[in-house]
file data_2.cif (mmCIF, C-alpha atoms)
data_upload
#
loop_
_atom_site.label_atom_id
_atom_site.label_comp_id
_atom_site.auth_asym_id
_atom_site.auth_seq_id
_atom_site.Cartn_x
_atom_site.Cartn_y
_atom_site.Cartn_z
CA MET O 118 17.57 -163.95 -65.03
CA SER O 119 16.38 -166.34 -62.33
CA ARG O 120 15.12 -165.24 -58.96
CA THR O 121 17.13 -165.77 -55.79
CA ARG O 122 17.03 -169.36 -54.55
CA TRP O 123 18.71 -171.29 -51.75
CA ALA O 124 20.92 -174.38 -51.78
CA ARG O 125 20.95 -176.63 -48.73
CA SER O 126 24.40 -177.16 -47.23
CA GLY O 127 24.12 -179.23 -44.08
CA ASP O 128 21.81 -177.24 -41.83
CA ALA O 129 22.46 -173.94 -43.65
CA ASN O 130 20.81 -172.17 -46.57
CA ILE O 131 23.16 -170.64 -49.16
CA ALA O 132 21.61 -168.00 -51.45
CA TYR O 133 22.33 -168.03 -55.17
CA ARG O 134 20.94 -166.82 -58.49
CA VAL O 135 21.76 -167.45 -62.15
CA LEU O 136 22.37 -164.87 -64.91
CA GLY O 137 22.95 -165.37 -68.63
CA ASP O 138 22.83 -168.52 -70.71
CA GLY O 139 26.32 -168.97 -72.15
CA PRO O 140 27.79 -172.38 -73.05
CA MET O 141 29.86 -172.80 -69.86
CA ASP O 142 29.10 -172.17 -66.19
CA LEU O 143 30.95 -169.52 -64.17
CA LEU O 144 30.59 -169.24 -60.40
CA PHE O 145 31.55 -165.87 -58.91
CA LEU O 146 33.16 -165.96 -55.45
CA GLY O 147 33.47 -162.51 -53.93
CA GLY O 148 34.91 -161.21 -50.69
CA PHE O 149 32.98 -161.11 -47.45
CA ILE O 150 30.77 -158.13 -48.44
CA SER O 151 27.97 -159.56 -50.53
CA HIS O 152 24.24 -159.43 -51.19
CA ILE O 153 23.35 -160.91 -54.56
CA GLU O 154 20.38 -158.61 -55.08
CA VAL O 155 22.07 -155.35 -54.02
CA LEU O 156 25.14 -156.22 -56.11
CA LEU O 157 22.95 -156.12 -59.21
CA GLU O 158 21.69 -152.63 -58.36
CA GLU O 159 25.07 -151.12 -59.33
CA PRO O 160 25.03 -150.45 -63.11
CA GLY O 161 28.75 -151.08 -63.56
CA LEU O 162 28.65 -154.45 -61.82
CA ARG O 163 25.49 -155.35 -63.67
CA ARG O 164 27.31 -154.61 -66.95
CA TRP O 165 30.25 -156.76 -65.74
CA TRP O 166 28.00 -159.77 -65.30
CA ASP O 167 25.96 -159.02 -68.41
CA ARG O 168 29.18 -159.19 -70.41
CA LEU O 169 30.27 -162.41 -68.71
CA GLY O 170 26.74 -163.70 -69.27
CA GLU O 171 27.27 -163.44 -73.02
CA MET O 172 29.92 -166.17 -72.82
CA THR O 173 28.90 -168.09 -69.67
CA ARG O 174 26.01 -168.91 -67.41
CA VAL O 175 26.92 -166.76 -64.39
CA ILE O 176 26.14 -168.10 -60.91
CA LEU O 177 26.23 -165.64 -58.00
CA MET O 178 26.23 -166.80 -54.39
CA ASP O 179 26.32 -165.15 -50.99
CA ARG O 180 28.91 -166.83 -48.84
CA ARG O 181 27.75 -168.10 -45.46
CA GLY O 182 27.57 -165.15 -43.07
CA SER O 183 26.71 -162.56 -45.71
CA GLY O 184 23.73 -161.29 -47.67
CA LEU O 185 20.81 -163.67 -48.04
CA SER O 186 22.69 -166.75 -46.83
CA ASP O 187 22.43 -167.94 -43.23
CA PRO O 188 24.56 -166.03 -40.70
CA LEU O 189 27.61 -167.41 -38.96
CA ASP O 190 27.38 -168.59 -35.39
CA GLY O 191 31.05 -169.35 -34.85
CA PRO O 192 34.31 -170.29 -36.60
CA TYR O 193 33.96 -171.46 -40.18
CA ALA O 194 37.06 -172.43 -42.19
CA LEU O 195 37.63 -172.46 -45.95
CA ALA O 196 37.42 -176.24 -45.91
CA ASP O 197 33.90 -175.88 -44.48
CA GLU O 198 32.94 -173.35 -47.15
CA VAL O 199 33.93 -175.83 -49.87
CA ARG O 200 30.79 -177.77 -48.98
CA ASP O 201 28.70 -174.62 -49.54
CA VAL O 202 30.19 -174.18 -53.02
CA GLU O 203 29.44 -177.84 -53.79
CA ALA O 204 25.86 -177.36 -52.66
CA VAL O 205 25.35 -174.39 -55.00
CA LEU O 206 26.90 -176.18 -57.99
CA ASP O 207 24.70 -179.20 -57.30
CA ALA O 208 21.61 -177.01 -56.98
CA VAL O 209 22.12 -175.41 -60.40
CA GLY O 210 22.97 -178.77 -61.98
CA THR O 211 26.54 -178.08 -63.07
CA GLU O 212 29.29 -180.66 -62.96
CA ARG O 213 32.17 -178.31 -63.81
CA ALA O 214 32.43 -174.54 -63.64
CA VAL O 215 34.87 -171.70 -64.06
CA LEU O 216 35.53 -170.13 -60.65
CA GLN O 217 35.96 -166.37 -60.97
CA SER O 218 36.95 -164.63 -57.74
CA TYR O 219 37.65 -161.23 -56.28
CA GLY O 220 39.69 -160.40 -53.17
CA ALA O 221 38.98 -162.76 -50.27
CA GLY O 222 37.02 -164.98 -52.66
CA GLY O 223 40.32 -166.07 -54.23
CA PRO O 224 41.39 -168.35 -51.38
CA LEU O 225 37.98 -170.09 -51.45
CA ALA O 226 38.29 -170.66 -55.20
CA ILE O 227 41.80 -172.08 -54.69
CA GLU O 228 40.68 -174.28 -51.78
CA PHE O 229 37.82 -175.69 -53.86
CA ALA O 230 40.05 -176.30 -56.92
CA ALA O 231 42.61 -178.09 -54.74
CA ARG O 232 39.99 -180.37 -53.20
CA HIS O 233 37.75 -180.88 -56.24
CA PRO O 234 39.76 -180.30 -59.45
CA GLU O 235 37.33 -182.52 -61.34
CA ARG O 236 34.63 -179.85 -60.88
CA VAL O 237 36.72 -176.86 -62.00
CA LEU O 238 37.08 -175.85 -65.66
CA ALA O 239 39.42 -172.95 -64.86
CA LEU O 240 40.33 -170.37 -62.23
CA VAL O 241 40.09 -166.63 -62.90
CA LEU O 242 41.59 -164.91 -59.87
CA TYR O 243 41.21 -161.12 -59.83
CA ALA O 244 42.98 -159.15 -57.06
CA SER O 245 43.22 -162.26 -54.93
CA ILE O 246 45.05 -162.75 -51.65
CA VAL O 247 47.21 -165.74 -50.70
CA ALA O 248 47.55 -165.19 -46.94
CA SER O 249 45.98 -162.76 -44.47
CA ILE O 250 48.88 -162.35 -42.05
CA ARG O 251 52.44 -161.21 -42.75
CA ASP O 252 55.39 -163.56 -42.38
CA HIS O 253 58.91 -163.81 -43.80
CA GLU O 254 57.55 -164.82 -47.22
CA VAL O 255 54.48 -162.59 -47.67
CA VAL O 256 56.08 -159.45 -46.24
CA TRP O 257 53.49 -157.20 -47.91
CA ALA O 258 50.56 -158.63 -45.91
CA GLU O 259 49.40 -157.00 -42.66
CA ASP O 260 50.67 -157.97 -39.24
CA PRO O 261 47.93 -158.92 -36.73
CA GLU O 262 47.85 -155.50 -35.07
CA GLU O 263 47.55 -153.62 -38.38
CA ARG O 264 44.81 -155.93 -39.51
CA GLN O 265 42.91 -155.57 -36.25
CA GLU O 266 43.10 -151.76 -36.46
CA ARG O 267 41.84 -151.78 -40.05
CA PHE O 268 38.84 -153.94 -39.20
CA GLU O 269 38.03 -151.82 -36.15
CA ARG O 270 37.92 -148.73 -38.39
CA LEU O 271 35.78 -150.65 -40.89
CA ILE O 272 33.35 -151.69 -38.16
CA ASP O 273 33.11 -148.12 -36.80
CA GLU O 274 32.17 -146.83 -40.27
CA TRP O 275 30.14 -149.86 -41.35
CA GLY O 276 27.13 -149.05 -43.50
CA THR O 277 28.40 -145.66 -44.70
CA GLY O 278 30.47 -146.66 -47.73
CA ALA O 279 33.42 -144.80 -46.23
CA ASN O 280 35.81 -147.54 -47.41
CA LEU O 281 35.23 -146.48 -51.04
CA HIS O 282 38.41 -144.38 -50.97
CA ALA O 283 40.44 -147.60 -50.60
CA MET O 284 38.31 -149.81 -52.84
CA ALA O 285 38.04 -147.32 -55.73
CA PRO O 286 40.12 -144.14 -55.29
CA SER O 287 39.06 -142.71 -58.66
CA ALA O 288 35.40 -142.85 -57.54
CA ALA O 289 35.98 -141.66 -53.96
CA ASP O 290 33.86 -138.54 -54.58
CA ASP O 291 31.07 -140.33 -56.43
CA GLU O 292 28.10 -140.07 -54.06
CA ARG O 293 26.02 -142.55 -56.07
CA ILE O 294 28.61 -145.33 -55.71
CA ARG O 295 29.26 -144.43 -52.07
CA GLU O 296 25.55 -144.66 -51.26
CA TRP O 297 25.32 -148.02 -53.06
CA LEU O 298 28.37 -149.35 -51.19
CA GLY O 299 26.87 -148.24 -47.87
CA ARG O 300 23.62 -150.03 -48.71
CA LEU O 301 25.58 -153.14 -49.75
CA GLU O 302 27.40 -153.12 -46.40
CA ARG O 303 24.18 -152.73 -44.42
CA GLN O 304 22.44 -155.50 -46.33
CA SER O 305 25.47 -157.82 -46.21
CA MET O 306 25.78 -158.15 -42.44
CA THR O 307 25.78 -156.35 -39.10
CA PRO O 308 28.95 -155.02 -37.45
CA ARG O 309 28.98 -158.19 -35.34
CA GLY O 310 28.96 -160.21 -38.56
CA VAL O 311 31.95 -158.22 -39.80
CA ARG O 312 33.84 -159.08 -36.64
CA LEU O 313 33.05 -162.80 -36.93
CA LEU O 314 34.09 -162.94 -40.57
CA SER O 315 37.28 -160.99 -39.91
CA GLU O 316 38.23 -163.55 -37.26
CA ASN O 317 37.55 -166.42 -39.67
CA LEU O 318 39.52 -164.80 -42.49
CA ALA O 319 42.52 -164.13 -40.23
CA SER O 320 43.61 -167.75 -40.62
CA VAL O 321 43.39 -167.80 -44.42
CA ASP O 322 46.55 -169.11 -46.07
CA VAL O 323 46.38 -171.15 -49.30
CA ARG O 324 50.08 -171.24 -50.18
CA ALA O 325 50.37 -174.99 -49.55
CA HIS O 326 47.79 -175.70 -52.27
CA LEU O 327 49.37 -173.65 -55.05
CA PRO O 328 52.04 -176.07 -56.39
CA ASN O 329 49.44 -178.85 -56.59
CA LEU O 330 46.79 -176.98 -58.60
CA ARG O 331 46.19 -178.58 -61.99
CA VAL O 332 43.57 -176.36 -63.60
CA PRO O 333 44.04 -173.55 -66.17
CA THR O 334 44.55 -170.35 -64.17
CA LEU O 335 44.37 -166.66 -65.10
CA VAL O 336 45.63 -164.17 -62.51
CA LEU O 337 44.60 -160.53 -62.94
CA HIS O 338 45.55 -157.45 -60.92
CA ARG O 339 45.81 -153.69 -61.31
CA THR O 340 49.31 -152.66 -60.34
CA GLY O 341 48.34 -149.64 -58.22
CA ASP O 342 45.51 -151.39 -56.32
CA ARG O 343 45.16 -149.47 -53.02
CA LEU O 344 43.23 -152.22 -51.24
CA ILE O 345 44.99 -155.47 -52.21
CA ASP O 346 48.71 -155.48 -52.90
CA VAL O 347 49.61 -156.70 -56.40
CA ARG O 348 52.35 -158.88 -54.88
CA HIS O 349 49.66 -161.34 -53.79
CA SER O 350 48.89 -162.00 -57.47
CA ARG O 351 52.55 -162.15 -58.43
CA TYR O 352 53.10 -164.79 -55.77
CA LEU O 353 50.13 -166.77 -57.10
CA ALA O 354 51.41 -166.66 -60.66
CA GLU O 355 54.88 -167.78 -59.58
CA HIS O 356 53.61 -170.78 -57.61
CA VAL O 357 50.61 -172.09 -59.59
CA PRO O 358 51.87 -174.33 -62.42
CA GLY O 359 51.14 -172.81 -65.82
CA ALA O 360 49.31 -169.75 -64.43
CA ARG O 361 49.08 -166.70 -66.66
CA LEU O 362 49.59 -163.32 -64.94
CA VAL O 363 48.17 -160.14 -66.48
CA GLU O 364 48.95 -156.86 -64.75
CA LEU O 365 46.91 -153.84 -65.79
CA PRO O 366 47.30 -150.16 -64.87
CA GLY O 367 45.04 -148.54 -62.31
CA GLU O 368 44.52 -147.92 -58.59
CA ASP O 369 40.94 -149.14 -58.28
CA SER O 370 40.25 -152.53 -56.73
CA LEU O 371 36.53 -152.70 -57.55
CA PRO O 372 36.42 -154.27 -61.02
CA MET O 373 33.63 -152.06 -62.43
CA VAL O 374 35.55 -148.84 -61.66
CA GLY O 375 38.38 -147.87 -63.99
CA ASP O 376 39.05 -149.74 -67.22
CA MET O 377 36.59 -152.59 -66.76
CA ASP O 378 36.73 -153.54 -70.46
CA ALA O 379 40.43 -154.37 -70.19
CA LEU O 380 39.70 -156.90 -67.43
CA LEU O 381 36.74 -158.36 -69.28
CA GLY O 382 38.75 -158.62 -72.49
CA GLU O 383 41.43 -160.68 -70.75
CA ILE O 384 38.80 -162.98 -69.22
CA GLU O 385 37.00 -163.37 -72.54
CA GLU O 386 40.20 -164.24 -74.38
CA PHE O 387 41.23 -166.72 -71.67
CA LEU O 388 37.86 -168.50 -71.69
CA THR O 389 36.97 -168.37 -75.39
CA GLY O 390 40.27 -167.86 -77.22
CA SER O 391 39.27 -164.46 -78.66
CA ARG O 392 37.93 -161.04 -77.76
CA ARG O 393 35.10 -161.09 -80.24
CA ARG O 394 32.22 -159.15 -78.70
CA ARG O 395 29.18 -161.33 -78.31
CA GLY O 396 25.53 -160.38 -78.30
CA GLY O 397 25.83 -157.91 -81.19
CA MET O 398 27.69 -155.24 -79.18
CA GLN O 399 29.34 -152.75 -81.54
CA ARG O 400 31.70 -149.83 -81.11
CA LYS O 401 31.71 -146.64 -83.15
CA LEU O 402 33.67 -143.40 -83.16
CA LEU O 403 31.24 -140.65 -82.13
CA THR O 404 31.26 -137.12 -80.81
CA ILE O 405 29.17 -136.99 -77.65
CA LEU O 406 27.40 -133.79 -76.57
CA PHE O 407 26.05 -133.24 -73.07
CA THR O 408 23.94 -130.17 -72.21
CA ASP O 409 22.73 -129.03 -68.82
CA VAL O 410 20.45 -126.21 -67.64
CA VAL O 411 22.25 -124.03 -65.10
CA ASP O 412 20.33 -123.39 -61.85
CA ALA O 413 17.31 -125.44 -62.91
CA THR O 414 16.19 -125.79 -59.28
CA GLY O 415 16.26 -122.02 -58.82
CA HIS O 416 14.20 -121.50 -61.98
CA ALA O 417 11.61 -124.02 -60.81
CA ALA O 418 11.36 -122.37 -57.38
CA ARG O 419 10.93 -118.87 -58.86
CA LEU O 420 8.46 -119.82 -61.60
CA GLY O 421 6.39 -122.51 -59.95
CA ASP O 422 5.76 -125.97 -61.34
CA GLY O 423 3.42 -125.02 -64.17
CA ARG O 424 5.47 -122.19 -65.69
CA TRP O 425 8.68 -124.19 -65.23
CA ARG O 426 7.22 -127.14 -67.14
CA ASP O 427 6.26 -124.80 -69.98
CA LEU O 428 9.72 -123.24 -70.06
CA LEU O 429 11.39 -126.66 -69.97
CA ALA O 430 9.20 -127.83 -72.87
CA ALA O 431 10.38 -124.81 -74.89
CA HIS O 432 13.98 -125.66 -73.94
CA ASP O 433 13.55 -129.27 -75.09
CA ALA O 434 12.10 -128.17 -78.43
CA ALA O 435 14.97 -125.72 -78.99
CA VAL O 436 17.62 -128.34 -78.25
CA ARG O 437 15.99 -130.89 -80.53
CA ARG O 438 15.84 -128.39 -83.40
CA GLU O 439 19.56 -127.71 -83.14
CA VAL O 440 20.48 -131.39 -82.85
CA GLU O 441 18.45 -132.19 -85.97
CA ARG O 442 19.78 -129.15 -87.85
CA PHE O 443 23.40 -130.24 -87.39
CA GLY O 444 22.87 -133.94 -88.14
CA GLY O 445 23.03 -135.31 -84.61
CA ARG O 446 20.89 -137.89 -82.86
CA GLU O 447 19.17 -137.39 -79.55
CA VAL O 448 20.12 -140.37 -77.40
CA LYS O 449 18.20 -139.46 -74.25
CA THR O 450 17.41 -136.72 -71.79
CA VAL O 451 19.38 -136.67 -68.56
CA GLY O 452 17.44 -134.71 -65.95
CA ASP O 453 16.96 -131.30 -67.56
CA GLY O 454 19.80 -131.85 -70.03
CA PHE O 455 20.40 -133.82 -73.21
CA LEU O 456 22.80 -136.47 -74.45
CA ALA O 457 23.27 -136.38 -78.22
CA ALA O 458 25.63 -138.26 -80.55
CA PHE O 459 27.20 -137.15 -83.86
CA ASP O 460 28.95 -139.45 -86.30
CA GLY O 461 29.92 -136.67 -88.72
CA PRO O 462 32.67 -134.07 -88.33
CA PRO O 463 33.07 -132.90 -84.70
CA SER O 464 32.81 -129.32 -85.96
CA GLU O 465 29.09 -129.92 -86.60
CA ALA O 466 28.62 -131.06 -83.00
CA LEU O 467 30.40 -127.92 -81.81
CA ARG O 468 28.21 -125.69 -83.93
CA CYS O 469 25.17 -127.54 -82.61
CA ALA O 470 26.31 -126.91 -79.02
CA ARG O 471 26.78 -123.22 -79.76
CA GLY O 472 23.34 -123.13 -81.38
CA VAL O 473 21.80 -124.78 -78.30
CA VAL O 474 23.35 -122.19 -75.98
CA THR O 475 22.11 -119.32 -78.19
CA ALA O 476 18.60 -120.72 -78.71
CA THR O 477 18.01 -121.52 -75.06
CA GLY O 478 19.45 -118.17 -74.02
CA ALA O 479 16.78 -116.48 -76.15
CA ILE O 480 14.06 -118.02 -73.96
CA GLY O 481 15.73 -116.98 -70.71
CA LEU O 482 17.78 -120.05 -69.82
CA ARG O 483 21.52 -120.43 -69.43
CA VAL O 484 22.76 -123.78 -70.67
CA ARG O 485 26.25 -125.27 -70.54
CA ALA O 486 27.59 -127.90 -72.92
CA GLY O 487 30.48 -130.37 -73.01
CA LEU O 488 31.83 -132.52 -75.84
CA HIS O 489 34.25 -135.39 -76.35
CA THR O 490 35.08 -137.58 -79.34
CA GLY O 491 35.86 -141.26 -78.75
CA GLU O 492 34.85 -144.87 -79.27
CA CYS O 493 31.38 -145.61 -77.89
CA GLU O 494 29.50 -148.81 -77.31
CA LEU O 495 26.22 -149.03 -79.22
CA MET O 496 23.56 -150.62 -77.03
CA GLY O 497 20.37 -150.52 -79.07
CA ASP O 498 19.39 -146.85 -79.20
CA ASP O 499 21.67 -146.02 -76.27
CA VAL O 500 25.41 -145.34 -76.22
CA GLY O 501 27.90 -146.09 -73.48
CA GLY O 502 31.54 -146.43 -72.66
CA MET O 503 34.31 -144.22 -71.37
CA ALA O 504 33.78 -141.60 -74.10
CA VAL O 505 30.30 -140.85 -72.75
CA HIS O 506 31.66 -140.64 -69.21
CA ILE O 507 34.37 -138.20 -70.32
CA ALA O 508 31.88 -135.97 -72.15
CA ALA O 509 29.74 -135.75 -69.00
CA ARG O 510 32.76 -134.77 -66.91
CA VAL O 511 33.79 -132.15 -69.48
CA CYS O 512 30.30 -130.67 -69.31
CA ASP O 513 30.70 -130.34 -65.54
CA LEU O 514 33.62 -127.94 -66.18
CA ALA O 515 31.56 -125.52 -68.31
CA GLY O 516 30.20 -122.28 -66.91
CA PRO O 517 26.78 -120.78 -67.74
CA GLY O 518 26.46 -120.26 -71.49
CA GLU O 519 29.78 -121.97 -72.24
CA VAL O 520 30.71 -124.78 -74.63
CA VAL O 521 33.80 -126.70 -73.52
CA THR O 522 35.54 -129.62 -75.19
CA SER O 523 38.20 -132.18 -74.50
CA GLY O 524 41.54 -131.87 -76.23
CA THR O 525 40.48 -134.77 -78.47
CA VAL O 526 37.71 -132.68 -80.05
CA TYR O 527 39.97 -129.63 -80.32
CA GLY O 528 42.67 -131.63 -82.10
CA THR O 529 40.25 -132.89 -84.76
CA VAL O 530 38.80 -129.49 -85.75
CA VAL O 531 41.96 -127.42 -86.15
CA GLY O 532 41.54 -125.49 -89.42
CA SER O 533 37.73 -125.51 -89.28
CA GLY O 534 37.50 -121.80 -88.53
CA LEU O 535 36.34 -122.35 -84.97
CA GLU O 536 38.27 -120.51 -82.27
CA PHE O 537 39.07 -121.78 -78.80
CA GLU O 538 40.47 -120.66 -75.47
CA PHE O 539 42.73 -123.10 -73.61
CA ARG O 540 41.45 -123.76 -70.10
CA GLY O 541 44.40 -125.84 -68.88
CA GLY O 542 44.70 -129.47 -67.84
CA HIS O 543 42.05 -130.96 -65.57
CA ALA O 544 41.51 -134.17 -63.64
CA LEU O 545 38.19 -135.71 -64.63
CA ARG O 546 36.53 -137.72 -61.88
CA GLY O 547 36.77 -141.43 -62.63
CA VAL O 548 39.11 -140.91 -65.62
CA PRO O 549 42.88 -141.56 -65.45
CA GLY O 550 45.32 -138.70 -66.07
CA ARG O 551 44.85 -134.99 -66.71
CA TRP O 552 42.94 -133.77 -69.74
CA PRO O 553 43.42 -130.52 -71.72
CA ILE O 554 40.17 -128.55 -71.84
CA PHE O 555 39.19 -125.86 -74.35
CA ARG O 556 36.33 -123.35 -74.44
CA LEU O 557 34.64 -122.63 -77.77
CA ALA O 558 34.88 -118.88 -78.43
CA GLY O 559 32.14 -116.77 -79.99
#
call {"tool": "encode", "arguments": {"input": "data_2.cif", "output": "structure tokens"}}
result
Amino acid sequence: MSRTRWARSGDANIAYRVLGDGPMDLLFLGGFISHIEVLLEEPGLRRWWDRLGEMTRVILMDRRGSGLSDPLDGPYALADEVRDVEAVLDAVGTERAVLQSYGAGGPLAIEFAARHPERVLALVLYASIVASIRDHEVVWAEDPEERQERFERLIDEWGTGANLHAMAPSAADDERIREWLGRLERQSMTPRGVRLLSENLASVDVRAHLPNLRVPTLVLHRTGDRLIDVRHSRYLAEHVPGARLVELPGEDSLPMVGDMDALLGEIEEFLTGSRRRRGGMQRKLLTILFTDVVDATGHAARLGDGRWRDLLAAHDAAVRREVERFGGREVKTVGDGFLAAFDGPPSEALRCARGVVTATGAIGLRVRAGLHTGECELMGDDVGGMAVHIAARVCDLAGPGEVVTSGTVYGTVVGSGLEFEFRGGHALRGVPGRWPIFRLAG
């Protein structure tokens, strides 16, 4: 990965950096909130670009007025920004690139493709907008007063990440993402910068360009998007010749929240003709076990650092013995807990979890455990994917000394002699739908 550099566009400096080394170039054009170094601090977004970097050379840029690029000092139209995009493409030495956009980056991608089709391999427009202000044709857009009120609220809360509830409803309670979003806002621009950009974006309307576009175009949108109405994308697909529209389920606008792999799969197929995973990434059906020490902070306060370290070392040894005994593999420690994976029968993972609770209880600790069976991504010695996320959320539902499982695990071990208590259906943070949860008895 290259360091941040600057392209010269007239009198301005436009920040950019390059990721990956795939056979084609892809320039990402985001909305007005951007800082190309803070963006990469979010693990989900980093994974998004790592995946795209397996098939392309990804170019990130901060639009003028945001992040590490020069600030705005007055009105700046899309036609002016086209020159900034040209400057970045020239600086990285690319003649033609895929333009992949999100939100308010869509109109800039369209403007550039309309003016310089010879430099565009394809357009990938995710959750784009076509016009900022409502009229008789785009009746779903905001009227000027609604838009002004929304930006005033945004400015009042700028730097706090409070807009996460609209950008990613399923992650609205995730403090880690909220803190990252607040930092991204603060590093992107000041409240005055937000006001200037909102005034510039108020005039955005690219409808006149759409019938004249002559580049391959993929339009993506989640149908329940709370931030950007899906009808923007439907309008695009209806008016861009040959455009392909893919609508996916979900309410989250941020691409790395929700089913990110579905979006990436569509992009990969559009750009390469297949969904073959590059870079050696594999998937495997595994049972994932999470464990967690209950009231670890209280133990540490009562025992003092030295005795707590000794007790935690005994806990770690006990967990590792049980994982080895039942044929699992320790993936990593997570705070004072463990993440382990089992590729044998889920019943062995359940017995391991019960053994962990018993063994750690014998040394004076109360541990809770959660399990889920699903497809996982193998990333070297690590595992990832939605199955791991679900297992962690299931663990959160366990009480002291309890082993709880998703309905997936329960359904695979019926007849094994293990007994369960049904705990009802639960919403798991960041996971669509409600999930049946069961407690392992005995």
call {"tool": "closest_residue", "arguments": {"input": "data_2.cif", "among": "O:Ala239, O:Ala544, O:Val336, O:Val175", "to": "Ser287 of chain O", "atoms": "only C-alpha atoms"}}
result
O:Ala544
call {"tool": "resolve_selection", "arguments": {"input": "data_2.cif", "expression": "the PyMOL selection byres ((chain O and resi 501) around 12)", "output": "PyMOL selection string"}}
result
chain O and resi 160-161+164+378+398-403+405+448-449+456-458+491-500+502-509
call {"tool": "atom_distance", "arguments": {"input": "data_2.cif", "atom1": "atom CA of Glu154 of chain O", "atom2": "atom CA of Ala283 of chain O"}}
result
23.3 Å
call {"tool": "resolve_selection", "arguments": {"input": "data_2.cif", "expression": "the PyMOL selection byres ((chain O and resi 510-516) around 9)", "output": "compact mmCIF listing (two decimals) with C-alpha atoms, keeping the file's coordinate frame"}}
result
# COMPACT_ATOMS: atom_id res chain seq x y z
CA LEU O 406 27.40 -133.79 -76.57
CA PHE O 407 26.05 -133.24 -73.07
CA THR O 408 23.94 -130.17 -72.21
CA ASP O 409 22.73 -129.03 -68.82
CA VAL O 411 22.25 -124.03 -65.10
CA VAL O 484 22.76 -123.78 -70.67
CA ARG O 485 26.25 -125.27 -70.54
CA ALA O 486 27.59 -127.90 -72.92
CA GLY O 487 30.48 -130.37 -73.01
CA LEU O 488 31.83 -132.52 -75.84
CA HIS O 489 34.25 -135.39 -76.35
CA VAL O 505 30.30 -140.85 -72.75
CA HIS O 506 31.66 -140.64 -69.21
CA ILE O 507 34.37 -138.20 -70.32
CA ALA O 508 31.88 -135.97 -72.15
CA ALA O 509 29.74 -135.75 -69.00
CA PRO O 517 26.78 -120.78 -67.74
CA GLY O 518 26.46 -120.26 -71.49
CA GLU O 519 29.78 -121.97 -72.24
CA VAL O 520 30.71 -124.78 -74.63
CA VAL O 521 33.80 -126.70 -73.52
CA THR O 522 35.54 -129.62 -75.19
CA SER O 523 38.20 -132.18 -74.50
CA HIS O 543 42.05 -130.96 -65.57
CA LEU O 545 38.19 -135.71 -64.63
CA ARG O 546 36.53 -137.72 -61.88
CA GLY O 547 36.77 -141.43 -62.63
CA VAL O 548 39.11 -140.91 -65.62
CA ILE O 554 40.17 -128.55 -71.84
CA ARG O 556 36.33 -123.35 -74.44
call {"tool": "resolve_selection", "arguments": {"input": "data_2.cif", "expression": "the PyMOL selection byres ((chain O and resi 211) around 12)", "output": "list in words"}}
result
Val135, Pro140, Met141, Asp142, Leu143, Leu144, Arg174, Val175, Ile176, Val202, Glu203, Ala204, Val205, Leu206, Asp207, Ala208, Val209, Gly210, Glu212, Arg213, Ala214, Val215, Glu235, Arg236, Val237 and Leu238 of chain O
call {"tool": "residues_around", "arguments": {"input": "data_2.cif", "residues": "segment 146-153 of chain O", "least_positions_apart": "3", "cutoff": "7 Å", "atoms": "all atoms listed in the file", "output": "NGL selection string"}}
result
:O and (156-157 or 177-179 or 183-185 or 217-222 or 226 or 301-302 or 304-305)
call {"tool": "atom_distance", "arguments": {"input": "data_2.cif", "atom1": "atom CA of Thr173 of chain O", "atom2": "atom CA of Leu381 of chain O"}}
result
12.5 Å
call {"tool": "closest_residue", "arguments": {"input": "data_2.cif", "among": "O:Trp425, O:Tyr193, O:Trp165, O:Tyr133", "to": "Ala319 of chain O", "atoms": "only C-alpha atoms"}}
result
O:Tyr193
call {"tool": "residues_near_point", "arguments": {"input": "data_2.cif", "point": "(45.2, -165.4, -65.1)", "cutoff": "10 Å", "atoms": "only C-alpha atoms", "output": "CSV table (one decimal) with C-alpha atoms, in the coordinates of the input"}}
result
chain,number,residue,atom,x,y,z
O,239,ALA,CA,39.4,-173.0,-64.9
O,240,LEU,CA,40.3,-170.4,-62.2
O,241,VAL,CA,40.1,-166.6,-62.9
O,242,LEU,CA,41.6,-164.9,-59.9
O,243,TYR,CA,41.2,-161.1,-59.8
O,333,PRO,CA,44.0,-173.6,-66.2
O,334,THR,CA,44.6,-170.4,-64.2
O,335,LEU,CA,44.4,-166.7,-65.1
O,336,VAL,CA,45.6,-164.2,-62.5
O,337,LEU,CA,44.6,-160.5,-62.9
O,338,HIS,CA,45.6,-157.4,-60.9
O,350,SER,CA,48.9,-162.0,-57.5
O,353,LEU,CA,50.1,-166.8,-57.1
O,354,ALA,CA,51.4,-166.7,-60.7
O,359,GLY,CA,51.1,-172.8,-65.8
O,360,ALA,CA,49.3,-169.8,-64.4
O,361,ARG,CA,49.1,-166.7,-66.7
O,362,LEU,CA,49.6,-163.3,-64.9
O,363,VAL,CA,48.2,-160.1,-66.5
O,364,GLU,CA,49.0,-156.9,-64.8
O,383,GLU,CA,41.4,-160.7,-70.8
O,384,ILE,CA,38.8,-163.0,-69.2
O,387,PHE,CA,41.2,-166.7,-71.7
call {"tool": "closest_residue", "arguments": {"input": "data_2.cif", "among": "O:Ser464, O:Arg446, O:Met172, O:Asn317", "to": "Gly532 of chain O", "atoms": "all atoms listed in the file"}}
result
O:Ser464
call {"tool": "atom_distance", "arguments": {"input": "data_2.cif", "atom1": "atom CA of Arg270 of chain O", "atom2": "atom CA of Ala196 of chain O"}}
result
28.5 Å
call {"tool": "residues_near_point", "arguments": {"input": "data_2.cif", "point": "(15.4, -123.6, -67.1)", "cutoff": "9 Å", "atoms": "all atoms listed in the file", "output": "ChimeraX atom specification"}}
result
/O:410-417,425-426,428-429,432,453,477,480-484
